[in-house]
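Novice: Have a peek at query.cif (mmCIF, N, CA and C atoms).
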```cif
data_structure
loop_
_atom_site.label_atom_id
_atom_site.label_comp_id
_atom_site.auth_asym_id
_atom_site.auth_seq_id
_atom_site.Cartn_x
_atom_site.Cartn_y
_atom_site.Cartn_z
N MET A 24 0.84 -1.16 0.00
CA MET A 24 0.00 0.00 0.00
C MET A 24 0.90 1.24 0.00
N PHE A 25 0.60 2.17 -0.91
CA PHE A 25 1.39 3.39 -1.01
C PHE A 25 1.05 4.34 0.12
N LYS A 26 2.05 5.13 0.52
CA LYS A 26 1.87 6.06 1.62
C LYS A 26 0.76 7.06 1.35
N LYS A 27 0.63 7.51 0.12
CA LYS A 27 -0.39 8.53 -0.23
C LYS A 27 -1.82 7.97 -0.13
N GLN A 28 -1.97 6.64 -0.17
CA GLN A 28 -3.30 6.02 -0.10
C GLN A 28 -3.76 5.81 1.34
N ILE A 29 -2.87 6.05 2.30
CA ILE A 29 -3.18 5.81 3.70
C ILE A 29 -3.82 7.07 4.29
N LYS A 30 -4.71 6.87 5.26
CA LYS A 30 -5.31 8.01 5.96
C LYS A 30 -4.22 8.85 6.60
N LEU A 31 -4.54 10.11 6.84
CA LEU A 31 -3.55 11.05 7.37
C LEU A 31 -2.97 10.58 8.70
N GLU A 32 -3.79 10.05 9.60
CA GLU A 32 -3.27 9.59 10.89
C GLU A 32 -2.32 8.41 10.71
N TYR A 33 -2.60 7.55 9.73
CA TYR A 33 -1.72 6.42 9.48
C TYR A 33 -0.43 6.85 8.79
N GLN A 34 -0.48 7.95 8.05
CA GLN A 34 0.75 8.46 7.43
C GLN A 34 1.76 8.83 8.51
N PHE A 35 1.26 9.42 9.61
CA PHE A 35 2.14 9.73 10.73
C PHE A 35 2.73 8.45 11.31
N PHE A 36 1.89 7.44 11.51
CA PHE A 36 2.36 6.17 12.05
C PHE A 36 3.34 5.51 11.09
N PHE A 37 3.08 5.65 9.79
CA PHE A 37 3.98 5.08 8.77
C PHE A 37 5.37 5.69 8.90
N GLU A 38 5.42 7.01 9.02
CA GLU A 38 6.72 7.69 9.18
C GLU A 38 7.40 7.26 10.48
N PHE A 39 6.62 7.15 11.55
CA PHE A 39 7.18 6.75 12.84
C PHE A 39 7.74 5.33 12.77
N VAL A 40 6.99 4.43 12.17
CA VAL A 40 7.44 3.04 12.06
C VAL A 40 8.69 2.95 11.21
N ASN A 41 8.73 3.64 10.07
CA ASN A 41 9.87 3.54 9.15
C ASN A 41 11.11 4.26 9.64
N LYS A 42 10.95 5.27 10.48
CA LYS A 42 12.12 6.03 10.91
C LYS A 42 12.57 5.69 12.33
N VAL A 43 11.65 5.16 13.17
CA VAL A 43 11.99 4.91 14.57
C VAL A 43 11.92 3.43 14.92
N VAL A 44 10.77 2.80 14.67
CA VAL A 44 10.57 1.42 15.13
C VAL A 44 11.36 0.43 14.27
N LEU A 45 11.18 0.47 12.96
CA LEU A 45 11.88 -0.44 12.04
C LEU A 45 12.63 0.38 10.98
N PRO A 46 13.72 1.03 11.36
CA PRO A 46 14.44 1.84 10.37
C PRO A 46 15.06 0.97 9.28
N ARG A 47 15.07 1.51 8.08
CA ARG A 47 15.65 0.79 6.94
C ARG A 47 16.59 1.74 6.20
N ALA A 48 17.51 1.16 5.48
CA ALA A 48 18.51 1.96 4.78
C ALA A 48 17.90 2.69 3.58
N GLU A 49 16.99 2.02 2.88
CA GLU A 49 16.44 2.62 1.67
C GLU A 49 15.23 3.50 1.99
N CYS A 50 14.95 4.43 1.11
CA CYS A 50 13.78 5.29 1.25
C CYS A 50 12.55 4.47 0.87
N ARG A 51 11.52 4.54 1.70
CA ARG A 51 10.35 3.70 1.48
C ARG A 51 9.10 4.56 1.35
N SER A 52 8.27 4.21 0.37
CA SER A 52 6.97 4.87 0.23
C SER A 52 5.85 3.84 0.19
N ILE A 53 6.19 2.55 0.33
CA ILE A 53 5.20 1.48 0.32
C ILE A 53 5.24 0.79 1.68
N ALA A 54 4.06 0.60 2.27
CA ALA A 54 3.97 -0.04 3.58
C ALA A 54 3.89 -1.56 3.41
N ALA A 55 4.75 -2.26 4.12
CA ALA A 55 4.73 -3.72 4.11
C ALA A 55 3.72 -4.21 5.15
N LEU A 56 3.47 -5.51 5.15
CA LEU A 56 2.51 -6.09 6.09
C LEU A 56 2.94 -5.86 7.53
N VAL A 57 4.24 -5.97 7.80
CA VAL A 57 4.74 -5.72 9.15
C VAL A 57 4.47 -4.28 9.56
N ASP A 58 4.72 -3.35 8.63
CA ASP A 58 4.48 -1.94 8.92
C ASP A 58 3.01 -1.69 9.25
N ILE A 59 2.13 -2.28 8.47
CA ILE A 59 0.69 -2.07 8.67
C ILE A 59 0.25 -2.63 10.01
N SER A 60 0.76 -3.82 10.37
CA SER A 60 0.35 -4.41 11.66
C SER A 60 0.86 -3.57 12.82
N ILE A 61 2.06 -3.02 12.72
CA ILE A 61 2.58 -2.16 13.78
C ILE A 61 1.80 -0.86 13.84
N MET A 62 1.46 -0.29 12.67
CA MET A 62 0.66 0.94 12.66
C MET A 62 -0.71 0.71 13.30
N GLU A 63 -1.31 -0.44 13.03
CA GLU A 63 -2.60 -0.76 13.62
C GLU A 63 -2.49 -0.90 15.14
N ALA A 64 -1.42 -1.54 15.60
CA ALA A 64 -1.23 -1.68 17.05
C ALA A 64 -1.01 -0.33 17.71
N LEU A 65 -0.27 0.55 17.05
CA LEU A 65 -0.04 1.89 17.60
C LEU A 65 -1.33 2.70 17.65
N SER A 66 -2.14 2.61 16.61
CA SER A 66 -3.36 3.41 16.57
C SER A 66 -4.41 2.92 17.57
N SER A 67 -4.37 1.63 17.93
CA SER A 67 -5.33 1.11 18.90
C SER A 67 -4.72 1.04 20.30
N PHE A 68 -3.55 1.64 20.48
CA PHE A 68 -2.87 1.74 21.77
C PHE A 68 -2.55 0.37 22.38
N GLN A 69 -2.26 -0.61 21.53
CA GLN A 69 -1.82 -1.92 22.01
C GLN A 69 -0.32 -1.86 22.25
N PRO A 70 0.16 -2.54 23.29
CA PRO A 70 1.61 -2.52 23.54
C PRO A 70 2.36 -3.31 22.46
N LEU A 71 3.53 -2.80 22.11
CA LEU A 71 4.39 -3.47 21.14
C LEU A 71 5.47 -4.25 21.87
N ASN A 72 5.77 -5.44 21.39
CA ASN A 72 6.87 -6.22 21.93
C ASN A 72 8.10 -5.87 21.10
N LEU A 73 8.79 -4.80 21.52
CA LEU A 73 9.92 -4.30 20.75
C LEU A 73 11.07 -5.31 20.70
N VAL A 74 11.24 -6.08 21.77
CA VAL A 74 12.32 -7.07 21.78
C VAL A 74 12.09 -8.11 20.69
N ALA A 75 10.85 -8.60 20.57
CA ALA A 75 10.53 -9.58 19.54
C ALA A 75 10.70 -8.98 18.15
N LEU A 76 10.29 -7.71 17.99
CA LEU A 76 10.46 -7.04 16.69
C LEU A 76 11.94 -6.92 16.33
N MET A 77 12.77 -6.56 17.30
CA MET A 77 14.20 -6.41 17.04
C MET A 77 14.83 -7.75 16.69
N ILE A 78 14.46 -8.80 17.41
CA ILE A 78 15.03 -10.13 17.13
C ILE A 78 14.61 -10.60 15.75
N GLU A 79 13.35 -10.39 15.40
CA GLU A 79 12.88 -10.79 14.08
C GLU A 79 13.60 -10.02 12.99
N HIS A 80 13.78 -8.72 13.20
CA HIS A 80 14.46 -7.87 12.23
C HIS A 80 15.92 -8.30 12.07
N MET A 81 16.60 -8.59 13.19
CA MET A 81 18.00 -9.00 13.13
C MET A 81 18.14 -10.36 12.46
N SER A 82 17.21 -11.28 12.70
CA SER A 82 17.30 -12.59 12.05
C SER A 82 17.09 -12.46 10.55
N MET A 83 16.22 -11.56 10.15
CA MET A 83 16.01 -11.33 8.71
C MET A 83 17.28 -10.76 8.09
N ILE A 84 17.91 -9.80 8.76
CA ILE A 84 19.14 -9.19 8.25
C ILE A 84 20.27 -10.22 8.19
N SER A 85 20.38 -11.08 9.22
CA SER A 85 21.44 -12.09 9.20
C SER A 85 21.22 -13.08 8.06
N GLY A 86 19.96 -13.38 7.75
CA GLY A 86 19.67 -14.26 6.61
C GLY A 86 20.10 -13.61 5.30
N LEU A 87 19.89 -12.31 5.18
CA LEU A 87 20.31 -11.59 3.98
C LEU A 87 21.83 -11.56 3.86
N ILE A 88 22.52 -11.40 4.99
CA ILE A 88 23.98 -11.38 4.97
C ILE A 88 24.52 -12.74 4.55
N GLU A 89 23.92 -13.82 5.07
CA GLU A 89 24.35 -15.16 4.68
C GLU A 89 24.12 -15.40 3.19
N ALA A 90 22.98 -14.94 2.69
CA ALA A 90 22.70 -15.11 1.26
C ALA A 90 23.69 -14.32 0.42
N GLN A 91 24.07 -13.14 0.88
CA GLN A 91 25.05 -12.33 0.15
C GLN A 91 26.41 -13.02 0.13
N GLN A 92 26.80 -13.63 1.25
CA GLN A 92 28.08 -14.34 1.31
C GLN A 92 28.07 -15.54 0.37
N CYS A 93 26.94 -16.27 0.33
CA CYS A 93 26.84 -17.40 -0.59
C CYS A 93 26.94 -16.93 -2.04
N GLY A 94 26.29 -15.80 -2.33
CA GLY A 94 26.36 -15.24 -3.68
C GLY A 94 27.77 -14.82 -4.05
N THR A 95 28.49 -14.25 -3.10
CA THR A 95 29.88 -13.84 -3.36
C THR A 95 30.76 -15.06 -3.63
N GLU A 96 30.56 -16.12 -2.85
CA GLU A 96 31.34 -17.34 -3.08
C GLU A 96 31.03 -17.94 -4.45
N GLU A 97 29.78 -17.90 -4.86
CA GLU A 97 29.39 -18.44 -6.17
C GLU A 97 30.01 -17.61 -7.29
N ILE A 98 30.04 -16.30 -7.14
CA ILE A 98 30.65 -15.44 -8.15
C ILE A 98 32.15 -15.73 -8.25
N ASP A 99 32.82 -15.89 -7.10
CA ASP A 99 34.24 -16.22 -7.12
C ASP A 99 34.49 -17.54 -7.82
N ARG A 100 33.64 -18.53 -7.56
CA ARG A 100 33.79 -19.84 -8.21
C ARG A 100 33.61 -19.71 -9.72
N LEU A 101 32.64 -18.91 -10.15
CA LEU A 101 32.41 -18.73 -11.58
C LEU A 101 33.55 -17.97 -12.25
N ILE A 102 34.16 -17.04 -11.55
CA ILE A 102 35.29 -16.31 -12.11
C ILE A 102 36.47 -17.25 -12.34
N VAL A 103 36.72 -18.14 -11.38
CA VAL A 103 37.80 -19.13 -11.53
C VAL A 103 37.48 -20.06 -12.70
N LEU A 104 36.23 -20.50 -12.80
CA LEU A 104 35.83 -21.38 -13.90
C LEU A 104 35.98 -20.69 -15.25
N LEU A 105 35.62 -19.42 -15.32
CA LEU A 105 35.78 -18.65 -16.56
C LEU A 105 37.25 -18.54 -16.95
N ALA A 106 38.11 -18.28 -15.98
CA ALA A 106 39.54 -18.18 -16.27
C ALA A 106 40.08 -19.51 -16.79
N GLN A 107 39.61 -20.62 -16.22
CA GLN A 107 40.05 -21.94 -16.69
C GLN A 107 39.59 -22.18 -18.13
N LYS A 108 38.36 -21.82 -18.44
CA LYS A 108 37.83 -22.01 -19.79
C LYS A 108 38.57 -21.14 -20.79
N GLU A 109 38.90 -19.91 -20.40
CA GLU A 109 39.66 -19.03 -21.30
C GLU A 109 41.05 -19.60 -21.55
N ALA A 110 41.67 -20.19 -20.54
CA ALA A 110 42.99 -20.80 -20.72
C ALA A 110 42.88 -22.00 -21.65
N GLN A 111 41.83 -22.80 -21.51
CA GLN A 111 41.63 -23.94 -22.40
C GLN A 111 41.41 -23.48 -23.84
N MET A 112 40.65 -22.40 -24.02
CA MET A 112 40.41 -21.87 -25.37
C MET A 112 41.71 -21.38 -25.99
N ALA A 113 42.55 -20.75 -25.18
CA ALA A 113 43.83 -20.26 -25.70
C ALA A 113 44.71 -21.43 -26.13
N LEU A 114 44.72 -22.50 -25.34
CA LEU A 114 45.49 -23.68 -25.72
C LEU A 114 44.97 -24.30 -27.01
N LEU A 115 43.65 -24.40 -27.13
CA LEU A 115 43.07 -24.97 -28.34
C LEU A 115 43.37 -24.10 -29.57
N ARG A 116 43.34 -22.78 -29.38
CA ARG A 116 43.68 -21.88 -30.49
C ARG A 116 45.12 -22.10 -30.93
N ASP A 117 46.01 -22.24 -29.94
CA ASP A 117 47.42 -22.47 -30.27
C ASP A 117 47.61 -23.81 -30.99
N GLU A 118 46.92 -24.85 -30.53
CA GLU A 118 47.02 -26.15 -31.18
C GLU A 118 46.46 -26.10 -32.59
N TRP A 119 45.35 -25.41 -32.76
CA TRP A 119 44.70 -25.33 -34.06
C TRP A 119 45.54 -24.56 -35.06
N SER A 120 46.22 -23.54 -34.57
CA SER A 120 47.05 -22.74 -35.47
C SER A 120 48.41 -23.38 -35.70
N GLY A 121 48.67 -24.49 -35.05
CA GLY A 121 49.94 -25.18 -35.24
C GLY A 121 51.04 -24.58 -34.40
N GLY A 122 50.69 -23.77 -33.43
CA GLY A 122 51.69 -23.20 -32.54
C GLY A 122 52.37 -21.97 -33.10
N GLU A 123 52.07 -21.60 -34.36
CA GLU A 123 52.69 -20.42 -34.97
C GLU A 123 51.82 -19.21 -34.68
N PRO A 124 52.40 -18.14 -34.16
CA PRO A 124 51.60 -16.97 -33.81
C PRO A 124 50.90 -16.33 -35.00
N GLY A 125 51.51 -16.29 -36.16
CA GLY A 125 50.91 -15.64 -37.32
C GLY A 125 49.90 -16.52 -38.05
N ALA A 126 49.92 -17.79 -37.79
CA ALA A 126 49.00 -18.72 -38.48
C ALA A 126 47.56 -18.43 -38.13
N MET A 127 47.30 -18.05 -36.92
CA MET A 127 45.91 -17.77 -36.50
C MET A 127 45.39 -16.52 -37.23
N LEU A 128 46.24 -15.55 -37.46
CA LEU A 128 45.80 -14.35 -38.18
C LEU A 128 45.42 -14.69 -39.62
N GLU A 129 46.18 -15.60 -40.26
CA GLU A 129 45.85 -15.98 -41.63
C GLU A 129 44.52 -16.73 -41.68
N LEU A 130 44.23 -17.54 -40.67
CA LEU A 130 42.99 -18.28 -40.64
C LEU A 130 41.79 -17.36 -40.41
N GLN A 131 41.97 -16.28 -39.71
CA GLN A 131 40.87 -15.37 -39.44
C GLN A 131 40.50 -14.55 -40.68
N LYS A 132 41.42 -14.36 -41.61
CA LYS A 132 41.13 -13.58 -42.83
C LYS A 132 40.27 -14.40 -43.71
#
```
Take the structure in the file and give it back as structure tokens.
Specialist:
Amino acid sequence: MFKKQIKLEYQFFFEFVNKVVLPRAECRSIAALVDISIMEALSSFQPLNLVALMIEHMSMISGLIEAQQCGTEEIDRLIVLLAQKEAQMALLRDEWSGGEPGAMLELQK
């Protein structure tokens, strides 16, 4: 749900939730389900379990960090594999040209 579609009182809660309760690095104009449930609890004066919110938020962030590390390892593996394939291609080019550096240029013409 976009911020402009929310009632004026909820827009205040939206800003409070995004800047104080669950701060995020990126600029947000769309309310997530968690944001809406917290806004509803705030507007009906229900107590918030901030400890549970913080633990849930930290576990989500740690999951993202682990996924990023796995992605980095996969990229490193693919870079090594690409370098190996390029070395194999260079060897095949040399074998195909007969080992003469100028022979490959003649074949390309």
Novice: Between CA of Ser66 in chain A and CA of Glu38 in chain A, what distance in Å does the model show, to one decimal?
Specialist: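 Between CA of Ser66 in chain A and CA of Glu38 in chain A the gap is 13.2 Å.
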Novice: One decimal, in Å: what's the spacing between CA of Glu109 in chain A and atom C of Thr95 in chain A?
Specialist: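 Distance between the two atoms: 20.2 Å.
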Novice: Would you kindly return, as a PyMOL selection string, each protein, DNA or RNA residue with an atom no farther than 8 Å from any atom of Asp58 in chain A, considering all atoms listed in the file and excluding same-chain residues fewer than 3 positions away?
Specialist: chain A and resi 36-37+40-41+53-55+61-64
Novice: Rounded to one decimal in Å, what is the spacing between atom N of Arg100 in chain A and atom N of Met83 in chain A?
Specialist: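 Value for the atom N of Arg100 in chain A-atom N of Met83 in chain A distance: 25.8 Å.
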Novice: Could you write out, as a count of residues only, all the residues of range 28-125 of chain A that DSSP marks as helix (DSSP H, G or I)?
Specialist: 75
Novice: For range 87-102 of chain A, what centre and edge lengths in Å (one decimal) does the axis-aligned box get once 3 Å is added on each side of all its listed atoms, as AutoDock Vina command-line options?
Specialist:
```
--center_x 28.2 --center_y -15.6 --center_z -3.6 --size_x 22.6 --size_y 14.5 --size_z 23.5
```
Novice: What would the selection look like, as a list in words, if the PyMOL selection byres (((chain A and resi 73-79 and name CA) around 12) and name CA) were run on the coordinates I just shared?
Specialist: Val40, Val43, Val44, Leu45, Pro46, Val57, Asp58, Ser60, Ile61, Pro70, Leu71, Asn72, His80, Met81, Ser82, Met83, Ile84, Ser85 and Gly86 of chain A
Novice: Would you output that residue set with N, CA and C atoms, as a PDB file, in the frame of the given file?
Specialist:
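Below is the file that was written, part_30.pdb:
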```pdb
ATOM      1  N   VAL A  40       6.990   4.430  12.170  1.00  0.00           N
ATOM      2  CA  VAL A  40       7.440   3.040  12.060  1.00  0.00           C
ATOM      3  C   VAL A  40       8.690   2.950  11.210  1.00  0.00           C
ATOM      4  N   VAL A  43      11.650   5.160  13.170  1.00  0.00           N
ATOM      5  CA  VAL A  43      11.990   4.910  14.570  1.00  0.00           C
ATOM      6  C   VAL A  43      11.920   3.430  14.920  1.00  0.00           C
ATOM      7  N   VAL A  44      10.770   2.800  14.670  1.00  0.00           N
ATOM      8  CA  VAL A  44      10.570   1.420  15.130  1.00  0.00           C
ATOM      9  C   VAL A  44      11.360   0.430  14.270  1.00  0.00           C
ATOM     10  N   LEU A  45      11.180   0.470  12.960  1.00  0.00           N
ATOM     11  CA  LEU A  45      11.880  -0.440  12.040  1.00  0.00           C
ATOM     12  C   LEU A  45      12.630   0.380  10.980  1.00  0.00           C
ATOM     13  N   PRO A  46      13.720   1.030  11.360  1.00  0.00           N
ATOM     14  CA  PRO A  46      14.440   1.840  10.370  1.00  0.00           C
ATOM     15  C   PRO A  46      15.060   0.970   9.280  1.00  0.00           C
ATOM     16  N   VAL A  57       4.240  -5.970   7.800  1.00  0.00           N
ATOM     17  CA  VAL A  57       4.740  -5.720   9.150  1.00  0.00           C
ATOM     18  C   VAL A  57       4.470  -4.280   9.560  1.00  0.00           C
ATOM     19  N   ASP A  58       4.720  -3.350   8.630  1.00  0.00           N
ATOM     20  CA  ASP A  58       4.480  -1.940   8.920  1.00  0.00           C
ATOM     21  C   ASP A  58       3.010  -1.690   9.250  1.00  0.00           C
ATOM     22  N   SER A  60       0.760  -3.820  10.370  1.00  0.00           N
ATOM     23  CA  SER A  60       0.350  -4.410  11.660  1.00  0.00           C
ATOM     24  C   SER A  60       0.860  -3.570  12.820  1.00  0.00           C
ATOM     25  N   ILE A  61       2.060  -3.020  12.720  1.00  0.00           N
ATOM     26  CA  ILE A  61       2.580  -2.160  13.780  1.00  0.00           C
ATOM     27  C   ILE A  61       1.800  -0.860  13.840  1.00  0.00           C
ATOM     28  N   PRO A  70       0.160  -2.540  23.290  1.00  0.00           N
ATOM     29  CA  PRO A  70       1.610  -2.520  23.540  1.00  0.00           C
ATOM     30  C   PRO A  70       2.360  -3.310  22.460  1.00  0.00           C
ATOM     31  N   LEU A  71       3.530  -2.800  22.110  1.00  0.00           N
ATOM     32  CA  LEU A  71       4.390  -3.470  21.140  1.00  0.00           C
ATOM     33  C   LEU A  71       5.470  -4.250  21.870  1.00  0.00           C
ATOM     34  N   ASN A  72       5.770  -5.440  21.390  1.00  0.00           N
ATOM     35  CA  ASN A  72       6.870  -6.220  21.930  1.00  0.00           C
ATOM     36  C   ASN A  72       8.100  -5.870  21.100  1.00  0.00           C
ATOM     37  N   HIS A  80      13.780  -8.720  13.200  1.00  0.00           N
ATOM     38  CA  HIS A  80      14.460  -7.870  12.230  1.00  0.00           C
ATOM     39  C   HIS A  80      15.920  -8.300  12.070  1.00  0.00           C
ATOM     40  N   MET A  81      16.600  -8.590  13.190  1.00  0.00           N
ATOM     41  CA  MET A  81      18.000  -9.000  13.130  1.00  0.00           C
ATOM     42  C   MET A  81      18.140 -10.360  12.460  1.00  0.00           C
ATOM     43  N   SER A  82      17.210 -11.280  12.700  1.00  0.00           N
ATOM     44  CA  SER A  82      17.300 -12.590  12.050  1.00  0.00           C
ATOM     45  C   SER A  82      17.090 -12.460  10.550  1.00  0.00           C
ATOM     46  N   MET A  83      16.220 -11.560  10.150  1.00  0.00           N
ATOM     47  CA  MET A  83      16.010 -11.330   8.710  1.00  0.00           C
ATOM     48  C   MET A  83      17.280 -10.760   8.090  1.00  0.00           C
ATOM     49  N   ILE A  84      17.910  -9.800   8.760  1.00  0.00           N
ATOM     50  CA  ILE A  84      19.140  -9.190   8.250  1.00  0.00           C
ATOM     51  C   ILE A  84      20.270 -10.220   8.190  1.00  0.00           C
ATOM     52  N   SER A  85      20.380 -11.080   9.220  1.00  0.00           N
ATOM     53  CA  SER A  85      21.440 -12.090   9.200  1.00  0.00           C
ATOM     54  C   SER A  85      21.220 -13.080   8.060  1.00  0.00           C
ATOM     55  N   GLY A  86      19.960 -13.380   7.750  1.00  0.00           N
ATOM     56  CA  GLY A  86      19.670 -14.260   6.610  1.00  0.00           C
ATOM     57  C   GLY A  86      20.100 -13.610   5.300  1.00  0.00           C
TER      58      GLY A  86
END
```
